[in-house]
Every structure is written in structure tokens, then in C-alpha cells.
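Taking it in order: structure first as C-alpha cells, then the write-up.
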Amino acid sequence: MYLTTTALVLREVEYKDSDKLLTVLTPEQGKLTLSARGVRKKKDATAAACQLLTWGEFTLSQHRGRWLVKEAVTQRAFRGVREDLDKLALGSYFAQVAETLCEEEQPEPELLSLTLNALHAMDQMSVPLKLVKTAFEWKAMALAGYEPMLAGCGVCGCQTPEDPCIHLREGVLHCKGCREKLGDGVSMPLTGAALAALRHIVWGNPKRLFSFSVDEGSLERLSQASEAYLMTQLERGFHTLDFYKSLTMETTTYDRTT
């Protein structure tokens with residue numbers, strides 16, 4: 001059986017003397033695991049396309065239940081990301097999140113589009129990395145079925161909550177004064193501007209995902225909340241995120257309401 005498909009490389013693992021195992025995300029087949037034999041040899045024709053964060057066209061054959069790379073051609077290398085260590089680290093985090101959220105051989109075209117758009121924003125657009133990271137985290141969680149309830153306070157129903165907060169475990173927006181009526185867990189404070197930006201990210205046109213502006217303080221709160229929400233809902237951390245934060249000297253100390 002042969003298959004020709006476009007794919008984004010989410011992970012590469014070296015094995016044997018010259019081979020790689022690749023995890024890729026495709027539009028129709030979803031996440032696939034590929035064996036790229038001999039790809040680490042000098043002058044191998046498929047080597048360029050079989051690298052992390054490369055978008056390419058792959059011709060595959062199936063042998064004993066495993067997909068083998070027969071041909072691979074790079075369509076986009078995102079060089080602006082690849083040549084900047086901070087961007088490369090953040091792109092690697094996006095790839096690890098996408099890999100975590102996708103099931104094997106289950107199409108996830110919207111999540112693939114989101115990941116490609118985030119890489120494009122870092123590659124070609126003058127958008128702060130914190131804004132790209134924040135928008136990616138919230139949108140990825142929404143697409144994966146973890147969309148927070150943002151229409152109004154989950155307790156009193158107010159559409160414009162006073163001192164808005166987000167409950168990380170319940171995924172519920174609430175007024176600060178309504179906090180005691182929710183269950184155990186951590187709530188993180190937002191601002192009115194941060195809430196408006198969050199609604200744009202989750203509900204807005206995906207093609208304009210990164211087309212918003214917000215003051216630095218509101219972006220910081222939204223960024224802290226997005227990271228904490230993702231890790232709370234998925235119940236795990238990410239080594240790629242730890243590496244990115246080590247480069248940018250960010251800490252994991254969050255503002256929160258208990």
C-alpha cells in the first residue's frame with residue numbers, strides 16, 4: 001500500500017546507525033508514526049524534509065503495519081523559526097502539545113492548521129512570542145475539547161464579570177466575588193481586556209487568531225492562565241516548555257486566587 005500526503009514533522013528520534021522514527025501530523029490521516037531508513041546518511045534525498053517542524057510531501061509505503069518513508073520533499077522549512085533558538089524552542093513546544101492532543105490516525109485538520117499558523121506567525125509576522133504562545137495554548141485546548149465556558153460567570157451568569165477569573169480545573173469563567181461558590185482548585189485572575197482577548201481567541205475567525213492587541217499586564221495574566229490551564233487539564237508538564245522558559249528566563253510563579 002502506498003500513500004502520498006503532506007505532513008508536519010512533530011517529533012524525530014534517531015535510532016540505529018542512520019535511521020529516524022518520525023511522528024507527523026497529516027490533514028487526512030491525522031498523526032502517523034513513520035520509519036525513515038537511511039535518512040541520516042550524507043546526501044540522503046529525504047533528509048531535509050525529515051526534520052522537526054518541516055512541512056513536506058511524503059510518499060509512504062506500508063510494511064508489516066509500519067509506514068516507511070519512500071520519498072520526501074520539503075514544502076516549507078520555517079527558516080525564521082529554525083534559525084532563532086527562542087522560536088525553535090517554542091515551536092518544539094507547540095509540536096509536543098499537538099502530538100499530545102492528537103490520537104493516532106485520527107484526522108485533526110483544525111489543530112494542524114493552528115500549528116502551521118503559529119509557526120507562520122513566528123516565521124513571517126511581527127507578533128510577540130508571548131502572544132503567539134498564549135493564543136496557541138487557548139485555541140489548541142478549545143479544539144481538543146477543553147474549551148472553557150466564557151459566555152458569562154459560571155455562578156451568577158453575569159456576561160461581564162467584575163474582576164473576572166478562570167477556574168483551572170472546572171474551566172469556568174467567574175466573578176472574583178463568586179469564587180467561594182465553586183469547588184476546590186485554583187482560579188487565576190484576568191482583566192476585562194484579557195477576557196475580551198480570550199473570547200477572540202476561542203470564538204473568533206481562526207484566520208485572524210493573532211490579530212489582536214492587548215496591554216502588557218493583561219497579556220501577562222492571559223499568558224499565565226493559558227499555560228496553567230493547559231497543564232491542569234492535561235495533568236502533565238512539557239520538557240519543551242521547560243527548555244523554552246529556561247531560554248527566556250521565565251518563571252512558573254503565577255498570580256492566582258484560591
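Residues are referred to by chain and number: the chain letter is A, B, ... according to the order shown in the C-alpha cells, the number counts from 1 in that chain, and ligands are numbered separately from 1 in the order shown.
Of the residues in range 156-258 of chain A, those that DSSP places in strand (DSSP E or B) on the basis of the backbone are A:Pro164, A:Cys165, A:Ile166, A:His167, A:Val172, A:Leu173, A:His174, A:Cys175, A:Ser187, A:Met188, A:Pro189, A:Thr257.
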Shell around Ala45 in chain A at 12 Å using only C-alpha atoms, local window under 2 positions removed, as JSON, numbers by chain: {"A": [36, 37, 38, 39, 40, 41, 42, 43, 47, 48, 49, 50, 58, 69, 70, 71, 72, 73, 74]}
Selection: 12 Å around Lys87 in chain A, only C-alpha atoms, excl. self and same-chain fewer than 2 positions, as JSON, numbers by chain: {"A": [53, 78, 79, 80, 81, 82, 83, 84, 85, 89, 90, 91, 92, 93, 94, 118, 119, 120, 121, 122, 123, 124, 127, 128, 129, 130, 132, 133, 240, 241, 243, 244, 245, 247, 248]}
Counting only C-alpha atoms, the residue of A:Ser126, A:Thr100, A:Thr46, A:Thr115 that sits nearest Leu8 in chain A: A:Thr115
Just want the 8 Å neighbourhood of Gly154 in chain A, counted on only C-alpha atoms, with same-chain residues fewer than 6 positions away dropped. Output as a compact mmCIF listing (two decimals) with N, CA, C and O atoms, in the first residue's frame.
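Writing done, so here's result-v4.txt:
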```
# COMPACT_ATOMS: atom_id res chain seq x y z
N VAL A 172 -14.19 27.26 34.06
CA VAL A 172 -15.34 28.13 34.18
C VAL A 172 -14.89 29.56 34.47
O VAL A 172 -14.06 29.80 35.35
N LEU A 173 -15.45 30.50 33.70
CA LEU A 173 -15.26 31.92 34.00
C LEU A 173 -16.13 32.28 35.19
O LEU A 173 -17.25 31.80 35.32
N HIS A 174 -15.62 33.16 36.07
CA HIS A 174 -16.45 33.57 37.21
C HIS A 174 -16.01 34.93 37.74
O HIS A 174 -14.88 35.38 37.49
```
Residues within 8 Å of Cys102 in chain A, only C-alpha atoms, excluding chain neighbours under 5 positions, as a VMD selection string: chain A and resid 30 to 31 108
DSSP-assigned alpha helix (DSSP H) members of range 51-243 of chain A, reported as a ChimeraX atom specification: /A:79-82,85-101,109-124,129-141,192-203,216-234,239-243
Could you save those same residues with C-alpha atoms as a JSON list (two decimals), in the first residue's frame?
```json
[["chain", "number", "residue", "atom", "x", "y", "z"],
["A", 79, "ARG", "CA", 13.70, 29.03, 8.44],
["A", 80, "GLY", "CA", 12.86, 32.10, 10.51],
["A", 81, "VAL", "CA", 11.87, 29.73, 13.31],
["A", 82, "ARG", "CA", 14.69, 27.28, 12.78],
["A", 85, "LEU", "CA", 16.71, 29.47, 19.28],
["A", 86, "ASP", "CA", 13.81, 31.01, 21.22],
["A", 87, "LYS", "CA", 11.43, 30.46, 18.29],
["A", 88, "LEU", "CA", 12.72, 26.95, 17.68],
["A", 89, "ALA", "CA", 12.18, 26.06, 21.34],
["A", 90, "LEU", "CA", 8.66, 27.49, 21.30],
["A", 91, "GLY", "CA", 7.86, 25.73, 18.02],
["A", 92, "SER", "CA", 9.06, 22.45, 19.56],
["A", 93, "TYR", "CA", 6.65, 23.05, 22.44],
["A", 94, "PHE", "CA", 3.78, 23.61, 20.00],
["A", 95, "ALA", "CA", 4.70, 20.35, 18.28],
["A", 96, "GLN", "CA", 4.75, 18.43, 21.56],
["A", 97, "VAL", "CA", 1.36, 19.83, 22.57],
["A", 98, "ALA", "CA", -0.11, 18.92, 19.17],
["A", 99, "GLU", "CA", 1.32, 15.42, 19.42],
["A", 100, "THR", "CA", -0.19, 15.03, 22.89],
["A", 101, "LEU", "CA", -3.64, 16.20, 21.82],
["A", 109, "PRO", "CA", -7.17, 19.30, 10.37],
["A", 110, "GLU", "CA", -8.00, 22.29, 12.60],
["A", 111, "LEU", "CA", -5.21, 21.51, 15.06],
["A", 112, "LEU", "CA", -2.79, 21.01, 12.18],
["A", 113, "SER", "CA", -3.85, 24.36, 10.71],
["A", 114, "LEU", "CA", -3.40, 26.03, 14.11],
["A", 115, "THR", "CA", 0.12, 24.64, 14.50],
["A", 116, "LEU", "CA", 1.11, 25.69, 10.99],
["A", 117, "ASN", "CA", -0.36, 29.16, 11.54],
["A", 118, "ALA", "CA", 1.57, 29.55, 14.80],
["A", 119, "LEU", "CA", 4.80, 28.59, 13.05],
["A", 120, "HIS", "CA", 3.98, 31.04, 10.23],
["A", 121, "ALA", "CA", 3.34, 33.82, 12.74],
["A", 122, "MET", "CA", 6.78, 33.29, 14.28],
["A", 123, "ASP", "CA", 8.40, 32.90, 10.87],
["A", 124, "GLN", "CA", 6.88, 35.82, 8.98],
["A", 129, "LEU", "CA", 6.16, 35.36, 21.04],
["A", 130, "LYS", "CA", 4.15, 35.59, 24.25],
["A", 131, "LEU", "CA", 1.03, 36.46, 22.25],
["A", 132, "VAL", "CA", 1.60, 33.58, 19.81],
["A", 133, "LYS", "CA", 2.17, 31.14, 22.68],
["A", 134, "THR", "CA", -0.90, 32.31, 24.58],
["A", 135, "ALA", "CA", -3.21, 32.17, 21.56],
["A", 136, "PHE", "CA", -1.90, 28.74, 20.57],
["A", 137, "GLU", "CA", -2.44, 27.27, 24.04],
["A", 138, "TRP", "CA", -6.01, 28.51, 24.44],
["A", 139, "LYS", "CA", -7.04, 27.62, 20.87],
["A", 140, "ALA", "CA", -5.41, 24.19, 20.96],
["A", 141, "MET", "CA", -7.26, 23.32, 24.15],
["A", 192, "GLY", "CA", -11.54, 42.87, 31.18],
["A", 193, "ALA", "CA", -9.11, 43.27, 28.28],
["A", 194, "ALA", "CA", -7.71, 39.79, 28.84],
["A", 195, "LEU", "CA", -11.22, 38.31, 28.80],
["A", 196, "ALA", "CA", -12.03, 40.10, 25.54],
["A", 197, "ALA", "CA", -8.81, 38.74, 24.01],
["A", 198, "LEU", "CA", -9.62, 35.24, 25.27],
["A", 199, "ARG", "CA", -13.05, 35.34, 23.68],
["A", 200, "HIS", "CA", -11.44, 36.48, 20.42],
["A", 201, "ILE", "CA", -9.00, 33.55, 20.55],
["A", 202, "VAL", "CA", -11.62, 30.90, 21.31],
["A", 203, "TRP", "CA", -14.60, 32.22, 19.33],
["A", 216, "GLU", "CA", 1.19, 44.08, 28.58],
["A", 217, "GLY", "CA", -0.35, 43.47, 32.00],
["A", 218, "SER", "CA", -3.44, 41.82, 30.54],
["A", 219, "LEU", "CA", -1.34, 39.72, 28.17],
["A", 220, "GLU", "CA", 0.78, 38.55, 31.09],
["A", 221, "ARG", "CA", -2.29, 37.42, 33.04],
["A", 222, "LEU", "CA", -3.76, 35.73, 29.98],
["A", 223, "SER", "CA", -0.43, 34.02, 29.29],
["A", 224, "GLN", "CA", -0.06, 32.74, 32.83],
["A", 225, "ALA", "CA", -3.62, 31.44, 32.78],
["A", 226, "SER", "CA", -3.27, 29.71, 29.40],
["A", 227, "GLU", "CA", -0.18, 27.78, 30.45],
["A", 228, "ALA", "CA", -1.63, 26.79, 33.82],
["A", 229, "TYR", "CA", -4.96, 25.82, 32.25],
["A", 230, "LEU", "CA", -3.29, 23.58, 29.68],
["A", 231, "MET", "CA", -1.17, 21.75, 32.25],
["A", 232, "THR", "CA", -4.07, 21.42, 34.71],
["A", 233, "GLN", "CA", -6.46, 19.99, 32.14],
["A", 234, "LEU", "CA", -3.88, 17.61, 30.64],
["A", 239, "HIS", "CA", 10.03, 19.37, 28.76],
["A", 240, "THR", "CA", 9.99, 21.55, 25.64],
["A", 241, "LEU", "CA", 8.20, 24.27, 27.61],
["A", 242, "ASP", "CA", 10.75, 24.00, 30.41],
["A", 243, "PHE", "CA", 13.54, 24.48, 27.87]]
```
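CA of Leu60 in chain A is found 6.2 Å from CA of Thr4 in chain A.
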Spatial neighbours of Gly185 in chain A, max dist 12 Å, only C-alpha atoms, sep filter under 4 positions, as a ChimeraX atom specification: /A:166-172,179-181,228-229,232-233,256-258
Selected residue, from A:Val186, A:Gly157, A:Thr26, A:Ala142, that lies nearest to Gly204 in chain A when counting only C-alpha atoms: A:Ala142
